[in-house]
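These notes concern the structure reproduced below.
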Amino acid sequence: MRQGDHVDNLIRSALRTSVQSEEPSATVRDALLANAASNDTLRSTLGPSIPAIASGLQECNKRAAELDEQVVAANPLARRQLLLLAAPLYAVR
Amino acid sequence: MTSAPTDRELIQRLCEGDLAALGTLYDRYRLLSFHTALAITRDRQAAEDILQECFLKLNSYAPRIDISLPLEPWLYRVTVNLAYTWISRRARWITSLESVVDRLVAPARASAEYHVELSELQTVLQRAIDSLPPTQRMTVVLYYLNDLSLKEISYVLDCPVGTIKSRLHYGREQLKRQLQPYLKPRLEPTVSNGHSVTAGEEL
């Protein structure tokens, strides 16, 4: 037997012997299926509804911005009131 | 009697959300992934984590898998990538204690007796494999443990065949160097019961 073949056989044998009797524990299968089920549920629950939630939030933001503009426009004193509130402070100085 | 479903059928069922198909694929290929991960990482817990992660990826990526191709190379590829990530992370925080130990015990090895038990030789070899750089170790594992061809390894590791050849050559040379103190004496003829026997023949 050539030394090269001998080395190859040793490497092969050492690697195979080191793992051949090893089995993953049974809990791995259970955990895998539980995780896969949980991921699938998350995907099917959130997946289709995410665009709806996102567009709902955008709509909400838009309305809030419009409402702010309306409040400012309807109350011309709003900014002046702030100035009036700040005035005494300047007076004290 | 119904024949076992093919990988193709199982992946199609998986795409439809049938987790029993994932269980069947796991039962079919768990050792392929687990043994490869274990041989690369030498850590049982890590190998189990990699095994689980590999099949979770199979579940997630099932719609993107080309069912006209065999599944095994895809599983090898994912397993090896996960194992490589694990080794790289581990290497960041663990100093090479094993190599230090190897250096300390090297003189003892050199003076070892000629007739070394095969199990001891395997332990030495296993340490030598562990000390290979990750890319060489993965190549050696895929070639010697999984019997993959150079072309198949080149697909799994996403490298040209020439690179795989070179990694295998240097990995093998390094293993041979570390085995030399054990091999040389064993190849010399020894007299036993009047017969000239080489250790190579004994194995």
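We label chains A, B, ... in the order they appear in the structure tokens, count residues from 1 in each chain, and number ligands from 1 in the order shown.
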
Do you have, as JSON lines, the list of residues of chain A lying at most 9 Å from chain B, each with its nearest atom pair and that distance in Å to one decimal, counting only C-alpha atoms and ordered by chain then number?
```
{"residue": "A:Met1", "atom": "CA", "partner": "B:Gly200", "partner_atom": "CA", "distance": 6.4}
{"residue": "A:Arg2", "atom": "CA", "partner": "B:Gly200", "partner_atom": "CA", "distance": 8.3}
{"residue": "A:Gln3", "atom": "CA", "partner": "B:Gly200", "partner_atom": "CA", "distance": 7.9}
{"residue": "A:Gly4", "atom": "CA", "partner": "B:Lys176", "partner_atom": "CA", "distance": 8.8}
{"residue": "A:His6", "atom": "CA", "partner": "B:Gly200", "partner_atom": "CA", "distance": 6.8}
{"residue": "A:Val7", "atom": "CA", "partner": "B:Lys176", "partner_atom": "CA", "distance": 6.7}
{"residue": "A:Asp8", "atom": "CA", "partner": "B:Tyr144", "partner_atom": "CA", "distance": 7.9}
{"residue": "A:Asn9", "atom": "CA", "partner": "B:Tyr144", "partner_atom": "CA", "distance": 8.8}
{"residue": "A:Leu10", "atom": "CA", "partner": "B:Gln122", "partner_atom": "CA", "distance": 7.4}
{"residue": "A:Ile11", "atom": "CA", "partner": "B:Tyr144", "partner_atom": "CA", "distance": 6.9}
{"residue": "A:Arg12", "atom": "CA", "partner": "B:Tyr144", "partner_atom": "CA", "distance": 5.0}
{"residue": "A:Ser13", "atom": "CA", "partner": "B:Gln122", "partner_atom": "CA", "distance": 7.9}
{"residue": "A:Ala14", "atom": "CA", "partner": "B:Gln122", "partner_atom": "CA", "distance": 5.0}
{"residue": "A:Leu15", "atom": "CA", "partner": "B:Leu145", "partner_atom": "CA", "distance": 5.9}
{"residue": "A:Arg16", "atom": "CA", "partner": "B:Leu145", "partner_atom": "CA", "distance": 5.9}
{"residue": "A:Thr17", "atom": "CA", "partner": "B:Gln122", "partner_atom": "CA", "distance": 8.4}
{"residue": "A:Ser18", "atom": "CA", "partner": "B:Ala39", "partner_atom": "CA", "distance": 7.6}
{"residue": "A:Val19", "atom": "CA", "partner": "B:His35", "partner_atom": "CA", "distance": 5.8}
{"residue": "A:Gln20", "atom": "CA", "partner": "B:His35", "partner_atom": "CA", "distance": 7.5}
{"residue": "A:Glu22", "atom": "CA", "partner": "B:His35", "partner_atom": "CA", "distance": 7.5}
{"residue": "A:Glu23", "atom": "CA", "partner": "B:Leu31", "partner_atom": "CA", "distance": 7.1}
{"residue": "A:Pro24", "atom": "CA", "partner": "B:Glu48", "partner_atom": "CA", "distance": 6.2}
{"residue": "A:Ser25", "atom": "CA", "partner": "B:Glu48", "partner_atom": "CA", "distance": 7.9}
{"residue": "A:Val28", "atom": "CA", "partner": "B:Gln52", "partner_atom": "CA", "distance": 6.5}
{"residue": "A:Arg29", "atom": "CA", "partner": "B:Gly23", "partner_atom": "CA", "distance": 7.4}
{"residue": "A:Ala31", "atom": "CA", "partner": "B:Gln52", "partner_atom": "CA", "distance": 7.8}
{"residue": "A:Leu32", "atom": "CA", "partner": "B:Gln52", "partner_atom": "CA", "distance": 5.6}
{"residue": "A:Leu33", "atom": "CA", "partner": "B:Leu19", "partner_atom": "CA", "distance": 7.0}
{"residue": "A:Asn35", "atom": "CA", "partner": "B:Leu56", "partner_atom": "CA", "distance": 7.7}
{"residue": "A:Ala36", "atom": "CA", "partner": "B:Leu56", "partner_atom": "CA", "distance": 6.2}
{"residue": "A:Ala37", "atom": "CA", "partner": "B:Leu19", "partner_atom": "CA", "distance": 7.3}
{"residue": "A:Asn39", "atom": "CA", "partner": "B:Ser60", "partner_atom": "CA", "distance": 8.5}
{"residue": "A:Asp40", "atom": "CA", "partner": "B:Gly17", "partner_atom": "CA", "distance": 7.5}
```

Skipping near chain neighbours, those fewer than 6 positions away, what residues fall within 10 Å of B:Leu71 using only C-alpha atoms, listed as a list in words?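 Selected residues are Asp7, Arg8, Ile11, Leu25, Tyr29, Leu58 and Ile65 of chain B.
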
File of the preceding selection, all heavy atoms, as a compact mmCIF listing (two decimals), in the first residue's frame:
```txt
# COMPACT_ATOMS: atom_id res chain seq x y z
N ASP B 7 -37.98 14.21 -3.21
CA ASP B 7 -37.61 15.52 -2.64
C ASP B 7 -38.42 16.63 -3.31
O ASP B 7 -38.87 17.58 -2.66
CB ASP B 7 -36.12 15.80 -2.86
CG ASP B 7 -35.25 14.87 -2.03
OD1 ASP B 7 -35.80 14.17 -1.17
OD2 ASP B 7 -34.03 14.86 -2.25
N ARG B 8 -38.58 16.49 -4.60
CA ARG B 8 -39.31 17.48 -5.39
C ARG B 8 -40.74 17.65 -4.85
O ARG B 8 -41.21 18.76 -4.63
CB ARG B 8 -39.33 16.96 -6.83
CG ARG B 8 -39.75 17.93 -7.85
CD ARG B 8 -39.90 17.20 -9.18
NE ARG B 8 -40.26 18.13 -10.20
CZ ARG B 8 -39.59 18.31 -11.33
NH1 ARG B 8 -38.54 17.60 -11.59
NH2 ARG B 8 -40.00 19.18 -12.22
N ILE B 11 -40.74 19.29 -1.41
CA ILE B 11 -40.49 20.74 -1.44
C ILE B 11 -41.74 21.48 -1.93
O ILE B 11 -42.08 22.54 -1.42
CB ILE B 11 -39.25 21.07 -2.31
CG1 ILE B 11 -37.99 20.53 -1.62
CG2 ILE B 11 -39.10 22.58 -2.51
CD1 ILE B 11 -36.76 20.56 -2.46
N LEU B 25 -38.32 15.54 5.21
CA LEU B 25 -37.01 15.94 4.66
C LEU B 25 -35.95 15.93 5.76
O LEU B 25 -34.81 15.54 5.53
CB LEU B 25 -37.10 17.34 4.03
CG LEU B 25 -37.81 17.40 2.67
CD1 LEU B 25 -38.12 18.83 2.29
CD2 LEU B 25 -36.95 16.74 1.59
N TYR B 29 -32.51 13.76 5.65
CA TYR B 29 -31.19 14.40 5.47
C TYR B 29 -30.54 14.91 6.75
O TYR B 29 -29.53 15.61 6.67
CB TYR B 29 -31.33 15.58 4.49
CG TYR B 29 -31.62 15.13 3.08
CD1 TYR B 29 -32.84 15.42 2.48
CD2 TYR B 29 -30.69 14.40 2.36
CE1 TYR B 29 -33.12 15.00 1.19
CE2 TYR B 29 -30.95 13.97 1.07
CZ TYR B 29 -32.17 14.28 0.49
OH TYR B 29 -32.44 13.86 -0.79
N LEU B 58 -34.42 25.90 4.87
CA LEU B 58 -35.08 25.12 3.83
C LEU B 58 -36.58 25.47 3.80
O LEU B 58 -37.16 25.64 2.73
CB LEU B 58 -34.89 23.62 4.10
CG LEU B 58 -35.57 22.65 3.15
CD1 LEU B 58 -35.04 22.82 1.74
CD2 LEU B 58 -35.38 21.21 3.59
N ILE B 65 -36.15 27.41 -4.12
CA ILE B 65 -35.26 26.30 -4.46
C ILE B 65 -35.63 25.72 -5.82
O ILE B 65 -36.82 25.50 -6.10
CB ILE B 65 -35.31 25.21 -3.36
CG1 ILE B 65 -34.68 25.77 -2.09
CG2 ILE B 65 -34.60 23.94 -3.80
CD1 ILE B 65 -34.78 24.84 -0.90
```

Find the residues near B:Glu16: any atom within 10 Å, counting only C-alpha atoms, skip ones fewer than 6 places away on the same chain, and give them as a VMD selection string. chain B and resid 10 62 to 63

To one decimal in Å, tell me the separation between atom CA of B:Thr139 and atom CA of B:Leu157.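 Here the two named atoms are 8.2 Å from each other.
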